[in-house]
Amino acid sequence: MDRRKRLLIAILVVVIIGLVAIIAGALFIGNQSDLVKGDKNILVCAIDEGEDRPGMGACDMAFIINLENGVIKNYTPVYPGGLTHPTASEPQEAQQQGAGSSLLLHDAFWDADNNKGMQLAKEIVEYQTNESVDSVIAINSEALDAILSAAGPLKVNGKLTNASGIDIIREEDWGNGVSRGDAVISIVKAAANAAASNPNTKSAMINAAIDQYSKGNIIMDNEGDFVGLIASKGLGSIF
């Protein structure tokens with residue numbers, strides 16, 4: 001696995017922080033959210049903005065996050081390779097570059113219309129996995145770098161480290177025999193703990209996430225629902 005793939009897998013770290021950013025930006029404490037009621041699935045798309053196209057970038061990794069009454073119960077990695085839309089076609093430019101006719105998950109965010117991209121990604125994943133998707137988040141690697149930088153040193157499995165998300169995953173996944181999924185979750189928990197234990201760190205991470213959201217590096221389809229989710233559950237209790 002190359003450096004880019006490790007980065008895109010690590011983007012899951014910012015899911016929780018990205019949600020908190022919306023609260024900080026709007027202070028909608030007390031909002032009610034459908035995401036805190038019953039069994040819900042959130043599709044998280046990790047975007048590589050380095051691939052040149054009109055839209056947000058290429059979807060190089062995705063996860064289905066399962067929430068039970070607003071608490072994360074499990075997540076399922078979705079590898080985009082070969083996953084196609086049942087009816088939508090690849091953009092003509094992509095076909096001229098060698099893509100097939102059916103729209104790939106990899107190219108769902110080709111268009112500049114983010115809402116269209118999130119809807120296409122949702123339809124592809126639902127079609128290919130037979131799992132329903134209630135909401136969609138897309139996050140690129142620039143947002144990950146900004147938020148991890150704001151978090152500063154993270155304590156991962158009891159060890160304080162200044163390593164980037166890429167380095168942490170490389171060490172745990174390949175050096176210590178830890179699965180990729182466990183490595184991701186350990187970073188998510190470390191980031192959540194850093195935010196919960198230090199108000200200054202939390203503020204810096206939130207400000208970084210707000211900035212990245214304002215720049216379009218973090219997008220989501222149902223903003224009000226995510227606000228209500230965090231307002232109801234809080235940062236630490238999501239886990």
# chains A, B, ... in the order shown; residues from 1 in each chain; ligands from 1
$ select_by_dssp --residues "region 76-154 of chain A" --states "strand (DSSP E)" --output "VMD selection string"
chain A and resid 76 to 78 84 to 89 102 to 104 135 to 140 154
$ write_last_selection --atoms "N, CA and C atoms" --output "tab-separated table (two decimals), in the first residue's frame"
chain	number	residue	atom	x	y	z
A	76	THR	N	-17.65	-0.49	8.25
A	76	THR	CA	-17.29	-1.42	7.18
A	76	THR	C	-16.53	-0.67	6.10
A	77	PRO	N	-15.29	-1.10	5.80
A	77	PRO	CA	-14.56	-0.44	4.71
A	77	PRO	C	-15.19	-0.78	3.36
A	78	VAL	N	-15.23	0.21	2.49
A	78	VAL	CA	-15.74	0.02	1.13
A	78	VAL	C	-14.63	0.42	0.17
A	84	THR	N	-19.48	0.23	-9.47
A	84	THR	CA	-20.09	1.09	-10.47
A	84	THR	C	-21.54	1.42	-10.13
A	85	HIS	N	-22.01	2.50	-10.73
A	85	HIS	CA	-23.40	2.93	-10.56
A	85	HIS	C	-24.30	2.08	-11.47
A	86	PRO	N	-25.53	1.77	-11.02
A	86	PRO	CA	-26.41	0.93	-11.85
A	86	PRO	C	-26.85	1.56	-13.16
A	87	THR	N	-26.90	2.90	-13.21
A	87	THR	CA	-27.39	3.55	-14.44
A	87	THR	C	-26.53	4.72	-14.92
A	88	ALA	N	-25.87	5.45	-14.03
A	88	ALA	CA	-25.12	6.65	-14.41
A	88	ALA	C	-23.86	6.28	-15.19
A	89	SER	N	-23.45	7.17	-16.06
A	89	SER	CA	-22.28	6.93	-16.92
A	89	SER	C	-21.08	7.76	-16.47
A	102	SER	N	-19.74	2.78	-17.35
A	102	SER	CA	-20.49	2.91	-16.10
A	102	SER	C	-19.70	3.72	-15.08
A	103	LEU	N	-20.39	4.62	-14.39
A	103	LEU	CA	-19.74	5.51	-13.43
A	103	LEU	C	-19.16	4.72	-12.27
A	104	LEU	N	-17.88	4.93	-12.00
A	104	LEU	CA	-17.20	4.30	-10.88
A	104	LEU	C	-17.36	5.14	-9.62
A	135	SER	N	-26.91	9.15	5.49
A	135	SER	CA	-26.24	10.43	5.30
A	135	SER	C	-24.84	10.19	4.73
A	136	VAL	N	-24.28	11.24	4.13
A	136	VAL	CA	-22.98	11.14	3.46
A	136	VAL	C	-22.07	12.27	3.93
A	137	ILE	N	-20.80	11.92	4.20
A	137	ILE	CA	-19.75	12.90	4.47
A	137	ILE	C	-18.63	12.62	3.48
A	138	ALA	N	-18.01	13.68	2.96
A	138	ALA	CA	-16.80	13.51	2.16
A	138	ALA	C	-15.72	14.43	2.72
A	139	ILE	N	-14.51	13.90	2.86
A	139	ILE	CA	-13.41	14.62	3.50
A	139	ILE	C	-12.15	14.38	2.70
A	140	ASN	N	-11.37	15.44	2.45
A	140	ASN	CA	-10.15	15.23	1.69
A	140	ASN	C	-8.91	15.25	2.58
A	154	LEU	N	-0.41	13.13	19.82
A	154	LEU	CA	-1.52	12.27	20.21
A	154	LEU	C	-1.01	11.08	21.01
$ atom_distance --atom1 "CA of Ile42 (chain A)" --atom2 "CA of Leu105 (chain A)"
15.9 Å
$ closest_residue --among "A:Gln119, A:Ala191, A:Asp52, A:Ala146" --to "Leu160 (chain A)" --atoms "only C-alpha atoms"
A:Ala191
$ residues_around --residues "Asn69 (chain A)" --least-positions-apart "6" --cutoff "8 Å" --atoms "only C-alpha atoms" --output "PyMOL selection string"
chain A and resi 35-40
$ closest_residue --among "A:Ser101, A:Asp221, A:Asp145, A:Ala151" --to "Ala196 (chain A)" --atoms "only C-alpha atoms"
A:Ala151
$ residues_around --residues "Ala94 (chain A)" --least-positions-apart "3" --cutoff "10 Å" --atoms "only C-alpha atoms" --output "mmCIF file with N, CA, C and O atoms, in the first residue's frame"
data_model
loop_
_atom_site.group_PDB
_atom_site.id
_atom_site.type_symbol
_atom_site.label_atom_id
_atom_site.label_comp_id
_atom_site.auth_asym_id
_atom_site.auth_seq_id
_atom_site.Cartn_x
_atom_site.Cartn_y
_atom_site.Cartn_z
ATOM 1 N N ARG A 53 -9.742 17.296 -11.620
ATOM 2 C CA ARG A 53 -11.094 17.183 -12.165
ATOM 3 C C ARG A 53 -11.901 18.381 -11.699
ATOM 4 O O ARG A 53 -11.472 19.092 -10.776
ATOM 5 N N SER A 89 -23.449 7.173 -16.059
ATOM 6 C CA SER A 89 -22.283 6.934 -16.917
ATOM 7 C C SER A 89 -21.083 7.763 -16.466
ATOM 8 O O SER A 89 -21.225 8.817 -15.838
ATOM 9 N N GLU A 90 -19.913 7.271 -16.813
ATOM 10 C CA GLU A 90 -18.684 8.025 -16.590
ATOM 11 C C GLU A 90 -18.722 9.321 -17.412
ATOM 12 O O GLU A 90 -19.277 9.345 -18.516
ATOM 13 N N PRO A 91 -18.129 10.409 -16.900
ATOM 14 C CA PRO A 91 -18.029 11.634 -17.707
ATOM 15 C C PRO A 91 -17.275 11.350 -19.005
ATOM 16 O O PRO A 91 -16.405 10.472 -19.047
ATOM 17 N N GLN A 97 -10.185 9.185 -21.298
ATOM 18 C CA GLN A 97 -8.934 8.843 -20.633
ATOM 19 C C GLN A 97 -8.818 7.347 -20.367
ATOM 20 O O GLN A 97 -7.852 6.894 -19.763
ATOM 21 N N GLY A 98 -9.825 6.585 -20.811
ATOM 22 C CA GLY A 98 -9.749 5.139 -20.688
ATOM 23 C C GLY A 98 -10.730 4.502 -19.734
ATOM 24 O O GLY A 98 -10.730 3.281 -19.570
ATOM 25 N N ALA A 99 -11.573 5.303 -19.072
ATOM 26 C CA ALA A 99 -12.572 4.738 -18.172
ATOM 27 C C ALA A 99 -13.652 4.026 -18.973
ATOM 28 O O ALA A 99 -13.889 4.323 -20.150
ATOM 29 N N GLY A 100 -14.339 3.106 -18.324
ATOM 30 C CA GLY A 100 -15.445 2.417 -18.973
ATOM 31 C C GLY A 100 -16.673 3.308 -19.049
ATOM 32 O O GLY A 100 -16.606 4.513 -18.782
ATOM 33 N N SER A 101 -17.793 2.722 -19.390
ATOM 34 C CA SER A 101 -19.003 3.519 -19.563
ATOM 35 C C SER A 101 -19.759 3.746 -18.255
ATOM 36 O O SER A 101 -20.364 4.798 -18.055
ATOM 37 N N LEU A 103 -20.391 4.623 -14.388
ATOM 38 C CA LEU A 103 -19.744 5.505 -13.431
ATOM 39 C C LEU A 103 -19.160 4.725 -12.266
ATOM 40 O O LEU A 103 -19.856 3.975 -11.579
ATOM 41 N N ASP A 107 -15.050 7.947 -9.323
ATOM 42 C CA ASP A 107 -15.325 9.180 -10.070
ATOM 43 C C ASP A 107 -16.660 9.825 -9.696
ATOM 44 O O ASP A 107 -17.133 10.713 -10.412
ATOM 45 N N TRP A 110 -16.702 13.662 -9.542
ATOM 46 C CA TRP A 110 -16.083 14.309 -10.696
ATOM 47 C C TRP A 110 -16.680 15.700 -10.932
ATOM 48 O O TRP A 110 -15.982 16.664 -11.179
#
